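Here is the structure we will look at.
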Amino acid sequence: MGNKILVFIEQRNSQIKKASFEAAKTAHDLSSKLSLEAEAVVIGNDINNLESIGNYGINKVKHFKNPDLLSYSPSAYTKILNEYAKESGASIIIVPNTSLGKDLAPRVSAKLDAGLAMDCIALDVQSKEIIATRPIYAGKVLLDVKLSSPVKIFTLRPNIFPATVVGDSKAEVSITNVDNPDLSTKVIEIKKSEGKLDVAEAEIIVSGGRGMKGPEHFKLIDDLAEILGAAAGSSRAVVDAGWRPHSEQVGQTGKTVSPTLYIALGISGAIQHLAGMRSSKFIVAVNKDKDAPIFQIADYGIVGDVFEVVPAMIEEIKKIKS
Amino acid sequence: MKIAVCVSHVPDTAAKINITGDGKGIDQNGVTYVVNPYDEFAIEEALKTKEKLGGDTVVISLGGEANKETLRKALAMGIDNAVLLKDDAYRDSLSVAKALADEIKSQNAELVFFGKQSVDFDNSVVGQITAELLGYSCVSVVVDFKLDGNKIIAEREIEGGKEVVETTLPAIITAQKGLNEPRYASLKGIMAAKKKVIEEKPASSANNFVEVITMKRPAPKQAGKIVGTDATAVPELIRLLHEEAKVI
């Protein structure tokens with residue numbers, strides 16, 4: 001049986017993703033609590049500033065390298081991580097719960113016959129065992145689980161675990177060149193949404209609901225989002241009505257989000273919407289209806305007309321920013 | 001070609017979820033169950049693929065007697081056959097995937113659709129695990145699917161865009177909202193589905209590695225401050241966000 005913690009570091013376009021630093025710091029914390037060695041694994045081509053993983057307490061990085069690994073290939077990444085987990089004797093694997101991590105972790109779990117806890121928001125160590133807390137029913141319920149398999153995989157919800165710098169040390173990077181990666185399933189193109197931030201990654205989200213009265217009024221949402229450097233989000237009602245794309249939907253059949261600031265405009269707060277955004281650090285609601293459920297979880301609310309309040313917000317924020 | 005769809009039977013997203021006294025499960029009282037919303041896109045894509053290329057469709061669900069309702073819905077939409085892998089006990093995702101993989105193998109299905117996740121336990125992993133167990137290729141969270149001969153071009157949603165993925169059959173595709181517009185069952189379809197026999201067999205057994213310790217409600221969030229009732233409250237709101245919350 002293995003006795004090592006492996007943390008998977010995700011890169012996109014050769015840049016390390018923020019969620020990977022969160023995972024690295026979490027792996028560092030686990031390694032001291034469980035007295036296990038921790039090591040990072042990264043798959044890609046040239047990767048910028050890889051040594052910086054050391055700042056988060058992980059001093060060894062294994063880098064699997066090939067130009068064809070720059071973009072995600074489910075087949076190649078699975079094979080490499082699976083084989084390295086076996087070779088290095090990993091007993092715990094930590095993966096960021098990003099779109100890539102969500103695809104990769106279950107594949108590796110199948111290969112290693114490893115129990116899996118996805119989208120964890122806390123990893124607590126009790127008597128040398130990890131108790132993972134994960135939201136289920138889109139956050140209506142929190143589930144505590146324990147994994148009993150020899151190899152255990154945990155994926156971490158982004159923006160929850162702090163990526164605190166623990167020191168100023170460079171990680172020692174060891175490169176393995178990969179010959180003929182298994183590209184039987186591979187990404188051949190990435191289509192970027194035109195310059196838009198994604199709700200799943202944004203620090204601030206400005207969301208609109210049915211109270212916006214029509215797709216033509218979402219310019220207000222986009223304007224406020226732009227001035228705040230925020231992502232635009234939507235309620236299910238407006239996505240189902242075809243006013244906004246599904247990629248913006250927040251809630252149980254959309255995305256579950258935990259930004260620092262969530263601004264809900266003309267959203268009454270259906271149970272499936274609240275479930276998807278209630279873990280936001282600060283919530284602001286603007287709605288005409290003082291009894292709207294959104295006010296029960298909002299930190300700050302204005303009971304008023306979005307068409308008057310939002311333009312005033314834009315003006316007021318401009319003053320602060322200037 | 002044999003096309004399979006794997007579906008789950010889950011509480012309606014509008015349902016309020018209460019936890020049982022022992023903290024190990026969900027209080028079934030007053031909870032309506034429905035076809036997992038993402039599975040409707042999977043069913044639709046299976047039907048569209050069959051309409052284009054021919055073949056046989058089968059819907060598979062693992063669970064108790066109640067899952068038959070969801071299987072009938074799939075039959076009513078136009079799926080040819082249904083299989084219930086009977087098991088009332090709790091199973092983790094890996095154990096569910098093992099039983100589904102066994103059934104897919106015995107059905108000899110070359111193309112299998114799943115919803116990208118069940119809206120109960122929200123793991124979003126069963127499709128990918130099943131594919132790896134079978135040695136099938138897999139594309140998850142798919143919003144566009146094209147099959148040309150043996151070759152698949154699928155688009156999957158990622159942060160801030162889409163990845164176009166190329167692979168080949170046999171394959172598992174997990175469906176995301178936006179893949180298609182699921183059809184409504186016709187009256188004729190509903191009548192025909194009532195007459196169809198749902199094949200029942202025991203789900204093959206497998207170990208659970210995920211032990212449920214307890215379920216709890218998230219800590220209630222304190223309702224905050226109503227800053228005002230019109231646009232005159234905006235300067236104070238922005239001041240609070242800037243100086244008190246320090247988020248802008």
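Chain labels A, B, ... are given in the sequence in which chains occur in the structure tokens; within each chain residues are numbered consecutively from 1, and ligands are likewise numbered from 1 in the order shown.
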Closest-contact table, chain A side, partner chain B, 6 Å, counting only C-alpha atoms, as CSV:
```
residue,atom,partner,partner_atom,distance
A:Ser99,CA,B:Ile158,CA,5.4
A:Pro106,CA,B:Ile129,CA,5.4
A:Arg107,CA,B:Ile129,CA,5.2
A:Ala110,CA,B:Ile129,CA,5.2
A:Gly115,CA,B:Phe209,CA,5.0
A:Met118,CA,B:Asn123,CA,5.6
A:Ile136,CA,B:Phe121,CA,4.9
A:Tyr137,CA,B:Asp120,CA,4.7
A:Val141,CA,B:Arg217,CA,5.0
A:Leu142,CA,B:Lys216,CA,5.2
A:Leu143,CA,B:Met215,CA,4.5
A:Asp144,CA,B:Thr214,CA,5.3
A:Val145,CA,B:Val212,CA,4.7
A:Lys146,CA,B:Glu211,CA,5.2
A:Leu147,CA,B:Val210,CA,4.8
A:Ser148,CA,B:Phe209,CA,4.9
A:Ser149,CA,B:Phe209,CA,5.4
A:Ser184,CA,B:Thr167,CA,6.0
A:Thr185,CA,B:Thr167,CA,4.6
A:Lys186,CA,B:Val165,CA,5.5
A:Val187,CA,B:Val165,CA,4.3
A:Ile188,CA,B:Val164,CA,5.7
A:Glu189,CA,B:Val164,CA,5.1
A:Ile190,CA,B:Glu163,CA,4.6
A:Lys191,CA,B:Lys162,CA,5.1
A:Lys192,CA,B:Gly161,CA,4.3
A:Ser193,CA,B:Gly161,CA,4.9
A:Leu197,CA,B:Gly160,CA,6.0
A:Asp198,CA,B:Gly160,CA,4.7
A:Gln272,CA,B:Thr13,CA,5.9
A:Gln296,CA,B:Ala223,CA,4.6
A:Ile297,CA,B:Ala223,CA,5.0
A:Ala298,CA,B:Gly224,CA,5.6
A:Asp299,CA,B:Gly224,CA,4.0
A:Tyr300,CA,B:Lys225,CA,4.9
A:Gly301,CA,B:Ile226,CA,4.6
A:Ile302,CA,B:Gly228,CA,5.1
A:Val303,CA,B:Thr229,CA,4.5
A:Gly304,CA,B:Asp230,CA,4.9
A:Glu308,CA,B:Ala231,CA,5.8
A:Val309,CA,B:Ala231,CA,4.5
A:Met313,CA,B:Val234,CA,5.9
```
Q: Run DSSP on the backbone and grab whatever in region 54-111 of chain B lands in strand (DSSP E or B); send it over as a PyMOL selection string.
A: chain B and resi 56-63+81-86+111
List every residue of region 58-172 of chain A that has an atom at most 7 Å from any atom of region 16-36 of chain A, and for each one report the closest atom pair and its distance in Å to one decimal, counting only C-alpha atoms, with rows sorted by chain and then by increasing residue number, as CSV.
```
residue,atom,partner,partner_atom,distance
A:Ile58,CA,A:His28,CA,6.1
A:Ile94,CA,A:Ala23,CA,6.6
A:Val95,CA,A:Ala23,CA,6.7
A:Pro96,CA,A:Ala19,CA,5.8
A:Lys128,CA,A:Leu34,CA,5.8
A:Leu156,CA,A:Ala23,CA,6.9
A:Pro158,CA,A:Ala19,CA,5.3
A:Phe161,CA,A:Glu22,CA,5.6
A:Pro162,CA,A:Glu22,CA,5.7
A:Ala163,CA,A:Glu22,CA,4.2
A:Thr164,CA,A:Lys25,CA,6.7
```
Q: Identify, on the basis of only C-alpha atoms, every residue whose closest approach to Val250 (chain A) does not exceed 12 Å; exclude the query and any residue fewer than 6 positions from it along the same chain; express the result as a PyMOL selection string.
A: chain A and resi 138+198-200+205-209+231-239+244+256-259+262-264+267+269-278+280
Q.
Give me, as a list in words, all polymer residues having an atom no more than 7 Å from Leu6 (chain A), counting only C-alpha atoms and skipping those fewer than 3 positions away in the same chain.
A. Ala38, Glu39, Ala40, Val41, Ala90, Ile92, Ile93 and Ile94 of chain A
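One distance worth recording is that between CA of Glu181 (chain B) and CA of Thr253 (chain A), which is 14.7 Å.
Neighbouring residues of Arg183 (chain B) at 9 Å or closer, counting only C-alpha atoms and skipping chain neighbours under 4 positions away, are Glu40, Glu44 and Met77 of chain B.
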Write the residues of the selection above to a file with N, CA and C atoms, as a PDB file, in the first residue's frame.
```pdb
ATOM      1  N   GLU B  40     -32.480  13.645 -19.598  1.00  0.00           N
ATOM      2  CA  GLU B  40     -33.416  13.911 -20.695  1.00  0.00           C
ATOM      3  C   GLU B  40     -32.655  14.287 -21.969  1.00  0.00           C
ATOM      4  N   GLU B  44     -32.712  12.168 -25.478  1.00  0.00           N
ATOM      5  CA  GLU B  44     -32.976  12.851 -26.750  1.00  0.00           C
ATOM      6  C   GLU B  44     -31.852  12.587 -27.760  1.00  0.00           C
ATOM      7  N   MET B  77     -40.793   8.489 -24.600  1.00  0.00           N
ATOM      8  CA  MET B  77     -40.129   9.410 -25.527  1.00  0.00           C
ATOM      9  C   MET B  77     -39.697   8.693 -26.802  1.00  0.00           C
TER      10      MET B  77
END
```
**Q.** Contact residues around Gly44 (chain A) with only C-alpha atoms at 6 Å, ignoring same-chain residues under 3 positions, as a PyMOL selection string
**A.** chain A and resi 65+69-70
Next, the residues of the selection above should be written as a compact mmCIF listing (two decimals), in the first residue's frame with N, CA and C atoms.
```txt
# COMPACT_ATOMS: atom_id res chain seq x y z
N LYS A 65 6.12 15.75 -19.81
CA LYS A 65 6.24 16.77 -20.84
C LYS A 65 6.18 16.20 -22.26
N LEU A 69 0.83 17.44 -25.17
CA LEU A 69 0.12 17.44 -23.88
C LEU A 69 -0.25 18.85 -23.43
N LEU A 70 0.03 19.84 -24.30
CA LEU A 70 -0.30 21.22 -23.95
C LEU A 70 -1.80 21.35 -23.68
```
Q.
Using Å and a single decimal, report how far CA of Asp179 (chain A) sits from CA of Arg12 (chain A).
A.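 The value is 20.8 Å.
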Q: Could you please determine the separation between CA of Lys194 (chain B) and CA of Val34 (chain B) in Å, to one decimal place?
A: 17.2 Å
